file start35.pdb (PDB, C-alpha atoms)
ATOM      1  CA  MET A1412       6.861  18.525  71.960  1.00  0.00           C
ATOM      2  CA  LYS A1413       6.346  21.188  69.286  1.00  0.00           C
ATOM      3  CA  LYS A1414       8.765  19.368  66.934  1.00  0.00           C
ATOM      4  CA  ILE A1415       6.995  16.056  67.398  1.00  0.00           C
ATOM      5  CA  LEU A1416       3.600  17.684  66.806  1.00  0.00           C
ATOM      6  CA  SER A1417       4.907  19.432  63.662  1.00  0.00           C
ATOM      7  CA  VAL A1418       6.385  16.195  62.243  1.00  0.00           C
ATOM      8  CA  PHE A1419       3.129  14.338  63.065  1.00  0.00           C
ATOM      9  CA  LEU A1420       1.062  17.045  61.346  1.00  0.00           C
ATOM     10  CA  VAL A1421       3.270  16.918  58.204  1.00  0.00           C
ATOM     11  CA  LEU A1422       2.927  13.099  58.078  1.00  0.00           C
ATOM     12  CA  ILE A1423      -0.875  13.325  58.323  1.00  0.00           C
ATOM     13  CA  LEU A1424      -0.996  15.895  55.497  1.00  0.00           C
ATOM     14  CA  CYS A1425       1.237  13.719  53.294  1.00  0.00           C
ATOM     15  CA  CYS A1426      -0.919  10.665  53.937  1.00  0.00           C
ATOM     16  CA  ALA A1427      -4.066  12.657  53.205  1.00  0.00           C
ATOM     17  CA  ALA A1428      -2.581  13.852  49.900  1.00  0.00           C
ATOM     18  CA  THR A1429      -1.837  10.256  48.918  1.00  0.00           C
ATOM     19  CA  PHE A1430      -5.491   9.251  49.200  1.00  0.00           C
ATOM     20  CA  ALA A1431      -6.909  12.447  47.733  1.00  0.00           C
ATOM     21  CA  ASP A1432      -9.364  12.126  44.884  1.00  0.00           C
ATOM     22  CA  ASP A1433      -7.694  13.329  41.708  1.00  0.00           C
ATOM     23  CA  GLU A1434     -10.756  13.031  39.459  1.00  0.00           C
ATOM     24  CA  GLY A1435     -10.740  15.811  36.877  1.00  0.00           C
ATOM     25  CA  ASP A1436      -6.995  16.374  37.265  1.00  0.00           C
ATOM     26  CA  GLU A1437      -6.191  14.491  34.052  1.00  0.00           C
ATOM     27  CA  TYR A1438      -3.937  16.332  31.658  1.00  0.00           C
ATOM     28  CA  ASP A1439      -5.380  16.723  28.168  1.00  0.00           C
ATOM     29  CA  ASP A1440      -3.032  18.243  25.622  1.00  0.00           C
ATOM     30  CA  GLY A1441      -5.579  17.982  22.793  1.00  0.00           C
ATOM     31  CA  TYR A1442      -3.573  15.400  20.817  1.00  0.00           C
ATOM     32  CA  VAL A1443      -5.718  12.975  18.815  1.00  0.00           C
ATOM     33  CA  TYR A1444      -4.030   9.693  17.876  1.00  0.00           C
ATOM     34  CA  GLN A1445      -4.021   9.000  14.127  1.00  0.00           C
ATOM     35  CA  GLN A1446      -3.276   5.648  12.554  1.00  0.00           C
ATOM     36  CA  ASN A1447      -1.182   7.381   9.892  1.00  0.00           C
ATOM     37  CA  GLY A1448       0.500  10.741  10.046  1.00  0.00           C
ATOM     38  CA  PRO A1449       2.902  12.749   7.910  1.00  0.00           C
ATOM     39  CA  GLY A1450       6.228  10.940   7.732  1.00  0.00           C
ATOM     40  CA  ASP A1451       4.789   7.465   8.432  1.00  0.00           C
ATOM     41  CA  GLN A1452       5.838   4.839   5.901  1.00  0.00           C
ATOM     42  CA  PHE A1453       4.873   1.353   4.829  1.00  0.00           C
ATOM     43  CA  LEU A1454       6.103  -1.529   2.704  1.00  0.00           C
ATOM     44  CA  LYS A1455       3.519  -3.609   0.864  1.00  0.00           C
ATOM     45  CA  PHE A1456       3.674  -7.063  -0.667  1.00  0.00           C
ATOM     46  CA  ASP A1457       0.954  -8.495  -2.948  1.00  0.00           C
ATOM     47  CA  LEU A1458       0.380 -11.875  -4.603  1.00  0.00           C
ATOM     48  CA  TYR A1459      -2.251 -12.146  -7.311  1.00  0.00           C
ATOM     49  CA  PRO A1460      -3.655 -13.782 -10.407  1.00  0.00           C
ATOM     50  CA  ILE A1461      -3.515 -11.515 -13.473  1.00  0.00           C
ATOM     51  CA  PHE A1462      -6.367 -11.661 -15.988  1.00  0.00           C
ATOM     52  CA  PRO A1463      -5.725 -10.555 -19.599  1.00  0.00           C
ATOM     53  CA  LEU A1464      -8.696  -8.476 -20.785  1.00  0.00           C
ATOM     54  CA  ASN A1465      -8.185  -7.873 -24.491  1.00  0.00           C
ATOM     55  CA  PHE A1466      -6.226 -10.808 -25.921  1.00  0.00           C
ATOM     56  CA  GLU A1467      -9.242 -12.727 -27.358  1.00  0.00           C
ATOM     57  CA  GLY A1468      -8.386 -15.935 -25.524  1.00  0.00           C
ATOM     58  CA  GLN A1469      -4.745 -15.945 -26.701  1.00  0.00           C
ATOM     59  CA  LEU A1470      -3.379 -15.582 -23.122  1.00  0.00           C
ATOM     60  CA  TYR A1471      -4.245 -17.659 -20.093  1.00  0.00           C
ATOM     61  CA  VAL A1472      -4.705 -16.258 -16.614  1.00  0.00           C
ATOM     62  CA  GLY A1473      -1.258 -15.790 -15.089  1.00  0.00           C
ATOM     63  CA  GLY A1474       0.275 -14.865 -11.770  1.00  0.00           C
ATOM     64  CA  GLY A1475       2.188 -11.985 -10.304  1.00  0.00           C
ATOM     65  CA  ALA A1476       3.745 -10.386  -7.259  1.00  0.00           C
ATOM     66  CA  SER A1477       4.547  -6.799  -6.341  1.00  0.00           C
ATOM     67  CA  LEU A1478       6.612  -4.997  -3.739  1.00  0.00           C
ATOM     68  CA  GLY A1479       5.999  -1.338  -2.919  1.00  0.00           C
ATOM     69  CA  TYR A1480       7.081   1.501  -0.633  1.00  0.00           C
ATOM     70  CA  TYR A1481       4.986   4.547   0.291  1.00  0.00           C
ATOM     71  CA  ARG A1482       5.477   7.521   2.621  1.00  0.00           C
ATOM     72  CA  PHE A1483       2.617   9.631   3.984  1.00  0.00           C
ATOM     73  CA  ILE A1484       2.640  13.329   3.126  1.00  0.00           C
ATOM     74  CA  LEU A1485      -0.658  13.920   4.972  1.00  0.00           C
ATOM     75  CA  SER A1486      -2.619  11.501   7.122  1.00  0.00           C
ATOM     76  CA  TRP A1487      -4.632  10.454   4.049  1.00  0.00           C
ATOM     77  CA  LEU A1488      -2.147  11.026   1.173  1.00  0.00           C
ATOM     78  CA  ALA A1489       1.052   9.105   0.437  1.00  0.00           C
ATOM     79  CA  ALA A1490       3.606   9.027  -2.386  1.00  0.00           C
ATOM     80  CA  GLY A1491       5.763   6.117  -3.438  1.00  0.00           C
ATOM     81  CA  GLY A1492       6.256   3.376  -5.964  1.00  0.00           C
ATOM     82  CA  GLU A1493       6.288  -0.310  -6.616  1.00  0.00           C
ATOM     83  CA  VAL A1494       7.821  -2.979  -8.806  1.00  0.00           C
ATOM     84  CA  SER A1495       5.838  -5.949 -10.090  1.00  0.00           C
ATOM     85  CA  VAL A1496       6.588  -9.168 -11.933  1.00  0.00           C
ATOM     86  CA  THR A1497       3.842 -10.927 -13.901  1.00  0.00           C
ATOM     87  CA  ASP A1498       3.760 -14.044 -16.048  1.00  0.00           C
ATOM     88  CA  ASN A1499       1.085 -15.172 -18.505  1.00  0.00           C
ATOM     89  CA  ILE A1500       1.274 -18.137 -20.893  1.00  0.00           C
ATOM     90  CA  SER A1501      -0.168 -18.034 -24.416  1.00  0.00           C
ATOM     91  CA  ILE A1502      -2.162 -20.842 -26.010  1.00  0.00           C
ATOM     92  CA  GLY A1503       1.068 -21.803 -27.819  1.00  0.00           C
ATOM     93  CA  ASN A1504       2.908 -22.129 -24.442  1.00  0.00           C
ATOM     94  CA  LYS A1505       4.883 -18.937 -24.969  1.00  0.00           C
ATOM     95  CA  PRO A1506       5.438 -16.806 -21.856  1.00  0.00           C
ATOM     96  CA  LEU A1507       4.627 -13.108 -21.595  1.00  0.00           C
ATOM     97  CA  ILE A1508       6.717 -11.705 -18.749  1.00  0.00           C
ATOM     98  CA  GLN A1509       6.129  -8.097 -17.672  1.00  0.00           C
ATOM     99  CA  ILE A1510       8.085  -6.088 -15.105  1.00  0.00           C
ATOM    100  CA  PRO A1511       6.315  -2.755 -14.495  1.00  0.00           C
ATOM    101  CA  ILE A1512       8.006  -0.141 -12.297  1.00  0.00           C
ATOM    102  CA  THR A1513       5.552   2.579 -11.284  1.00  0.00           C
ATOM    103  CA  PHE A1514       5.519   5.728  -9.155  1.00  0.00           C
ATOM    104  CA  GLY A1515       2.543   7.737  -7.953  1.00  0.00           C
ATOM    105  CA  ALA A1516       0.194   8.674  -5.165  1.00  0.00           C
ATOM    106  CA  MET A1517      -2.164   6.921  -2.779  1.00  0.00           C
ATOM    107  CA  PHE A1518      -5.335   8.409  -1.297  1.00  0.00           C
ATOM    108  CA  GLN A1519      -6.477   6.450   1.769  1.00  0.00           C
ATOM    109  CA  PRO A1520      -9.636   7.061   3.810  1.00  0.00           C
ATOM    110  CA  THR A1521      -9.840   5.148   7.105  1.00  0.00           C
ATOM    111  CA  VAL A1522     -12.722   3.989   9.276  1.00  0.00           C
ATOM    112  CA  GLY A1523     -11.537   2.681  12.629  1.00  0.00           C
ATOM    113  CA  LYS A1524      -9.010  -0.065  11.882  1.00  0.00           C
ATOM    114  CA  PHE A1525     -10.130  -0.400   8.253  1.00  0.00           C
ATOM    115  CA  GLU A1526      -8.108   1.383   5.559  1.00  0.00           C
ATOM    116  CA  PHE A1527      -9.249   1.857   1.943  1.00  0.00           C
ATOM    117  CA  PRO A1528      -6.212   2.723  -0.230  1.00  0.00           C
ATOM    118  CA  ASN A1529      -6.639   4.022  -3.786  1.00  0.00           C
ATOM    119  CA  TYR A1530      -3.494   4.250  -5.923  1.00  0.00           C
ATOM    120  CA  VAL A1531      -2.766   6.035  -9.206  1.00  0.00           C
ATOM    121  CA  THR A1532       0.688   5.189 -10.548  1.00  0.00           C
ATOM    122  CA  PHE A1533       2.576   5.640 -13.820  1.00  0.00           C
ATOM    123  CA  GLY A1534       5.877   4.262 -15.011  1.00  0.00           C
ATOM    124  CA  ILE A1535       7.714   2.007 -17.414  1.00  0.00           C
ATOM    125  CA  ALA A1536       7.745  -1.730 -18.029  1.00  0.00           C
ATOM    126  CA  ALA A1537      10.062  -4.298 -19.519  1.00  0.00           C
ATOM    127  CA  LEU A1538       8.334  -6.993 -21.583  1.00  0.00           C
ATOM    128  CA  THR A1539       9.506 -10.353 -22.879  1.00  0.00           C
ATOM    129  CA  TRP A1540       7.335 -12.206 -25.392  1.00  0.00           C
ATOM    130  CA  GLN A1541       8.446 -15.102 -27.647  1.00  0.00           C
ATOM    131  CA  SER A1542      12.121 -14.380 -26.899  1.00  0.00           C
ATOM    132  CA  ARG A1543      11.678 -10.713 -27.931  1.00  0.00           C
ATOM    133  CA  ASN A1544      12.300  -7.897 -25.502  1.00  0.00           C
ATOM    134  CA  TYR A1545      10.502  -4.576 -25.439  1.00  0.00           C
ATOM    135  CA  PHE A1546      11.764  -1.742 -23.227  1.00  0.00           C
ATOM    136  CA  PRO A1547      10.652   0.808 -22.224  1.00  0.00           C
ATOM    137  CA  ALA A1548       6.907   0.452 -22.444  1.00  0.00           C
ATOM    138  CA  PHE A1549       4.697   3.046 -20.783  1.00  0.00           C
ATOM    139  CA  CYS A1550       2.399   1.669 -18.076  1.00  0.00           C
ATOM    140  CA  MET A1551      -0.404   2.952 -15.899  1.00  0.00           C
ATOM    141  CA  LYS A1552      -1.808   1.183 -12.860  1.00  0.00           C
ATOM    142  CA  LEU A1553      -5.007   2.032 -10.963  1.00  0.00           C
ATOM    143  CA  THR A1554      -5.595   0.151  -7.704  1.00  0.00           C
ATOM    144  CA  THR A1555      -8.266   0.110  -5.027  1.00  0.00           C
ATOM    145  CA  GLY A1556      -8.409  -2.041  -1.911  1.00  0.00           C
ATOM    146  CA  ALA A1557      -9.511  -2.648   1.648  1.00  0.00           C
ATOM    147  CA  TYR A1558      -7.108  -3.468   4.492  1.00  0.00           C
ATOM    148  CA  TYR A1559      -7.563  -4.279   8.175  1.00  0.00           C
ATOM    149  CA  ARG A1560      -4.950  -2.935  10.635  1.00  0.00           C
ATOM    150  CA  PHE A1561      -4.716  -5.880  13.062  1.00  0.00           C
ATOM    151  CA  ALA A1562      -1.627  -4.506  14.824  1.00  0.00           C
ATOM    152  CA  GLU A1563       0.098  -1.135  14.992  1.00  0.00           C
ATOM    153  CA  SER A1564       2.702  -2.244  12.441  1.00  0.00           C
ATOM    154  CA  TRP A1565       0.769  -4.729  10.297  1.00  0.00           C
ATOM    155  CA  SER A1566      -2.284  -4.709   8.037  1.00  0.00           C
ATOM    156  CA  VAL A1567      -3.713  -7.338   5.700  1.00  0.00           C
ATOM    157  CA  GLY A1568      -6.230  -6.946   2.912  1.00  0.00           C
ATOM    158  CA  LEU A1569      -7.526  -7.392  -0.608  1.00  0.00           C
ATOM    159  CA  SER A1570      -7.046  -5.155  -3.629  1.00  0.00           C
ATOM    160  CA  SER A1571      -7.732  -5.050  -7.339  1.00  0.00           C
ATOM    161  CA  SER A1572      -5.662  -3.319 -10.022  1.00  0.00           C
ATOM    162  CA  PHE A1573      -6.243  -2.290 -13.615  1.00  0.00           C
ATOM    163  CA  LEU A1574      -3.007  -2.289 -15.609  1.00  0.00           C
ATOM    164  CA  TRP A1575      -2.525  -0.715 -19.063  1.00  0.00           C
ATOM    165  CA  ILE A1576       0.719  -1.398 -20.945  1.00  0.00           C
ATOM    166  CA  PRO A1577       0.754  -0.180 -24.562  1.00  0.00           C
ATOM    167  CA  THR A1578       3.541  -1.132 -26.965  1.00  0.00           C
ATOM    168  CA  TYR A1579       4.313   0.781 -30.144  1.00  0.00           C
ATOM    169  CA  HIS A1580       6.364  -0.533 -33.068  1.00  0.00           C
ATOM    170  CA  GLU A1581       7.697   0.836 -36.350  1.00  0.00           C
ATOM    171  CA  GLU A1582       4.872  -0.958 -38.142  1.00  0.00           C
ATOM    172  CA  SER A1583       1.617   0.064 -36.509  1.00  0.00           C
ATOM    173  CA  ARG A1584       0.011  -3.318 -37.190  1.00  0.00           C
ATOM    174  CA  PHE A1585       2.182  -4.726 -34.385  1.00  0.00           C
ATOM    175  CA  ASP A1586       1.067  -2.097 -31.837  1.00  0.00           C
ATOM    176  CA  ARG A1587      -0.738  -3.533 -28.814  1.00  0.00           C
ATOM    177  CA  HIS A1588      -2.612  -2.126 -25.832  1.00  0.00           C
ATOM    178  CA  GLY A1589      -2.287  -4.709 -23.088  1.00  0.00           C
ATOM    179  CA  LEU A1590      -5.122  -4.459 -20.562  1.00  0.00           C
ATOM    180  CA  PHE A1591      -4.967  -6.565 -17.406  1.00  0.00           C
ATOM    181  CA  LEU A1592      -6.914  -6.941 -14.164  1.00  0.00           C
ATOM    182  CA  THR A1593      -5.590  -8.344 -10.874  1.00  0.00           C
ATOM    183  CA  ALA A1594      -7.199  -9.567  -7.652  1.00  0.00           C
ATOM    184  CA  ALA A1595      -4.555  -9.482  -4.933  1.00  0.00           C
ATOM    185  CA  ILE A1596      -4.122 -10.508  -1.347  1.00  0.00           C
ATOM    186  CA  GLY A1597      -1.598  -8.301   0.374  1.00  0.00           C
ATOM    187  CA  MET A1598       0.201  -7.467   3.566  1.00  0.00           C
ATOM    188  CA  ARG A1599       1.622  -4.110   4.640  1.00  0.00           C
ATOM    189  CA  TYR A1600       4.292  -3.353   7.243  1.00  0.00           C
ATOM    190  CA  HIS A1601       3.884   0.146   8.750  1.00  0.00           C
ATOM    191  CA  PHE A1602       6.796   1.994  10.360  1.00  0.00           C
TER     192      PHE A1602
END
call {"tool": "encode", "arguments": {"input": "start35.pdb", "output": "structure tokens"}}
result
Amino acid sequence: MKKILSVFLVLILCCAATFADDEGDEYDDGYVYQQNGPGDQFLKFDLYPIFPLNFEGQLYVGGGASLGYYRFILSWLAAGGEVSVTDNISIGNKPLIQIPITFGAMFQPTVGKFEFPNYVTFGIAALTWQSRNYFPAFCMKLTTGAYYRFAESWSVGLSSSFLWIPTYHEESRFDRHGLFLTAAIGMRYHF
């Protein structure tokens, strides 16, 4: 009888523990989820029109695309680079093709699922104009944008870039400072 009573008592205690209120027993380790952390990476792809700023109507609005890779050093700072290809046509139907390759840093504040990347990059570019090649040309690219993180691995947004590509020749009268502005739609894959 004592064994049966002991087994019955243990069963009642186990059943009572199953229905016990565990409010306030949640484990909190203090971890705060961040959208981006050190070591996170992303690939970005942009398509855009490119507007020549200082060619006095000699170049038409062209088009371009860029592909980039960045890795976060801090939750708001990343380093990386990108390669772009742009094409503008002159009034004489001569193409200006530019291939800038830049490296630099990105500062990115976030508000909820919105991310506001700001890039400063420097590098070199290859130029082709009227069947003449120019390499290497220095280039600088400043970009600002706004992206929406619609999934953990994907964000979509708009950005604008200012691109400066100077070319220097033996005769200074041929020197040029190409200034361009872009308005891009882009997608980023985060991993």
call {"tool": "closest_atom_pairs", "arguments": {"input": "start35.pdb", "of": "stretch 1476-1526 of chain A", "to": "stretch 1449-1452 of chain A", "cutoff": "10 Å", "atoms": "all atoms listed in the file", "output": "CSV"}}
result
residue,atom,partner,partner_atom,distance
A:Tyr1480,CA,A:Gln1452,CA,7.4
A:Tyr1481,CA,A:Gln1452,CA,5.7
A:Arg1482,CA,A:Gln1452,CA,4.3
A:Phe1483,CA,A:Pro1449,CA,5.0
A:Ile1484,CA,A:Pro1449,CA,4.8
A:Leu1485,CA,A:Pro1449,CA,4.8
A:Ser1486,CA,A:Pro1449,CA,5.7
A:Trp1487,CA,A:Pro1449,CA,8.8
A:Leu1488,CA,A:Pro1449,CA,8.6
A:Ala1489,CA,A:Gln1452,CA,8.4
A:Ala1490,CA,A:Gln1452,CA,9.5
A:Gly1491,CA,A:Gln1452,CA,9.4
call {"tool": "closest_residue", "arguments": {"input": "start35.pdb", "among": "A:Thr1513, A:Asn1544, A:Thr1555, A:Ser1564", "to": "A:Ala1595", "atoms": "only C-alpha atoms"}}
result
A:Thr1555
call {"tool": "resolve_selection", "arguments": {"input": "start35.pdb", "expression": "the PyMOL selection byres ((chain A and resi 1571) around 8)", "output": "list in words"}}
result
Thr1554, Thr1555, Gly1556, Leu1569, Ser1570, Ser1572, Phe1573, Leu1592, Thr1593, Ala1594 and Ala1595 of chain A
call {"tool": "atom_distance", "arguments": {"input": "start35.pdb", "atom1": "atom CA of A:Ser1501", "atom2": "atom CA of A:Gly1473"}}
result
9.7 Å
call {"tool": "residues_around", "arguments": {"input": "start35.pdb", "residues": "A:Ser1477", "least_positions_apart": "2", "cutoff": "7 Å", "atoms": "all atoms listed in the file", "output": "PyMOL selection string"}}
result
chain A and resi 1456-1458+1475+1479+1493-1496
call {"tool": "resolve_selection", "arguments": {"input": "start35.pdb", "expression": "the PyMOL selection byres ((chain A and resi 1545-1552) around 7)", "output": "JSON, numbers by chain"}}
result
{"A": [1511, 1531, 1532, 1533, 1534, 1535, 1536, 1537, 1538, 1539, 1543, 1544, 1553, 1554, 1572, 1573, 1574, 1575, 1576, 1577, 1578]}
call {"tool": "write_last_selection", "arguments": {"input": "start35.pdb", "atoms": "C-alpha atoms", "output": "PDB file, keeping the file's coordinate frame"}}
result
ATOM      1  CA  PRO A1511       6.315  -2.755 -14.495  1.00  0.00           C
ATOM      2  CA  VAL A1531      -2.766   6.035  -9.206  1.00  0.00           C
ATOM      3  CA  THR A1532       0.688   5.189 -10.548  1.00  0.00           C
ATOM      4  CA  PHE A1533       2.576   5.640 -13.820  1.00  0.00           C
ATOM      5  CA  GLY A1534       5.877   4.262 -15.011  1.00  0.00           C
ATOM      6  CA  ILE A1535       7.714   2.007 -17.414  1.00  0.00           C
ATOM      7  CA  ALA A1536       7.745  -1.730 -18.029  1.00  0.00           C
ATOM      8  CA  ALA A1537      10.062  -4.298 -19.519  1.00  0.00           C
ATOM      9  CA  LEU A1538       8.334  -6.993 -21.583  1.00  0.00           C
ATOM     10  CA  THR A1539       9.506 -10.353 -22.879  1.00  0.00           C
ATOM     11  CA  ARG A1543      11.678 -10.713 -27.931  1.00  0.00           C
ATOM     12  CA  ASN A1544      12.300  -7.897 -25.502  1.00  0.00           C
ATOM     13  CA  LEU A1553      -5.007   2.032 -10.963  1.00  0.00           C
ATOM     14  CA  THR A1554      -5.595   0.151  -7.704  1.00  0.00           C
ATOM     15  CA  SER A1572      -5.662  -3.319 -10.022  1.00  0.00           C
ATOM     16  CA  PHE A1573      -6.243  -2.290 -13.615  1.00  0.00           C
ATOM     17  CA  LEU A1574      -3.007  -2.289 -15.609  1.00  0.00           C
ATOM     18  CA  TRP A1575      -2.525  -0.715 -19.063  1.00  0.00           C
ATOM     19  CA  ILE A1576       0.719  -1.398 -20.945  1.00  0.00           C
ATOM     20  CA  PRO A1577       0.754  -0.180 -24.562  1.00  0.00           C
ATOM     21  CA  THR A1578       3.541  -1.132 -26.965  1.00  0.00           C
TER      22      THR A1578
END
call {"tool": "atom_distance", "arguments": {"input": "start35.pdb", "atom1": "atom CA of A:Asn1447", "atom2": "atom CA of A:Phe1561"}}
result
14.1 Å
call {"tool": "residues_around", "arguments": {"input": "start35.pdb", "residues": "A:Val1472", "least_positions_apart": "3", "cutoff": "9 Å", "atoms": "all atoms listed in the file", "output": "VMD selection string"}}
result
chain A and resid 1460 to 1463 1498 to 1500
call {"tool": "atom_distance", "arguments": {"input": "start35.pdb", "atom1": "atom CA of A:Val1522", "atom2": "atom CA of A:Met1598"}}
result
18.2 Å
call {"tool": "resolve_selection", "arguments": {"input": "start35.pdb", "expression": "the PyMOL selection byres ((chain A and resi 1466) around 10)", "output": "ChimeraX atom specification"}}
result
/A:1462-1465,1467-1471,1501,1587-1591
call {"tool": "residues_near_point", "arguments": {"input": "start35.pdb", "point": "(-10.5, -6.8, 3.1)", "cutoff": "10 Å", "atoms": "only C-alpha atoms", "output": "PyMOL selection string"}}
result
chain A and resi 1525-1527+1556-1559+1566-1570+1596-1597
call {"tool": "closest_residue", "arguments": {"input": "start35.pdb", "among": "A:Ile1512, A:Ala1562, A:Met1517, A:Leu1507", "to": "A:Trp1540", "atoms": "only C-alpha atoms"}}
result
A:Leu1507
call {"tool": "axis_aligned_box", "arguments": {"input": "start35.pdb", "around": "stretch 1529-1547 of chain A", "padding_each_side": "5 Å", "output": "lines of an AutoDock Vina configuration file"}}
result
center_x = 2.8
center_y = -4.5
center_z = -15.9
size_x = 28.9
size_y = 31.1
size_z = 34.1
call {"tool": "closest_residue", "arguments": {"input": "start35.pdb", "among": "A:Lys1455, A:Arg1560, A:Ile1502, A:Thr1497", "to": "A:Gly1523", "atoms": "only C-alpha atoms"}}
result
A:Arg1560
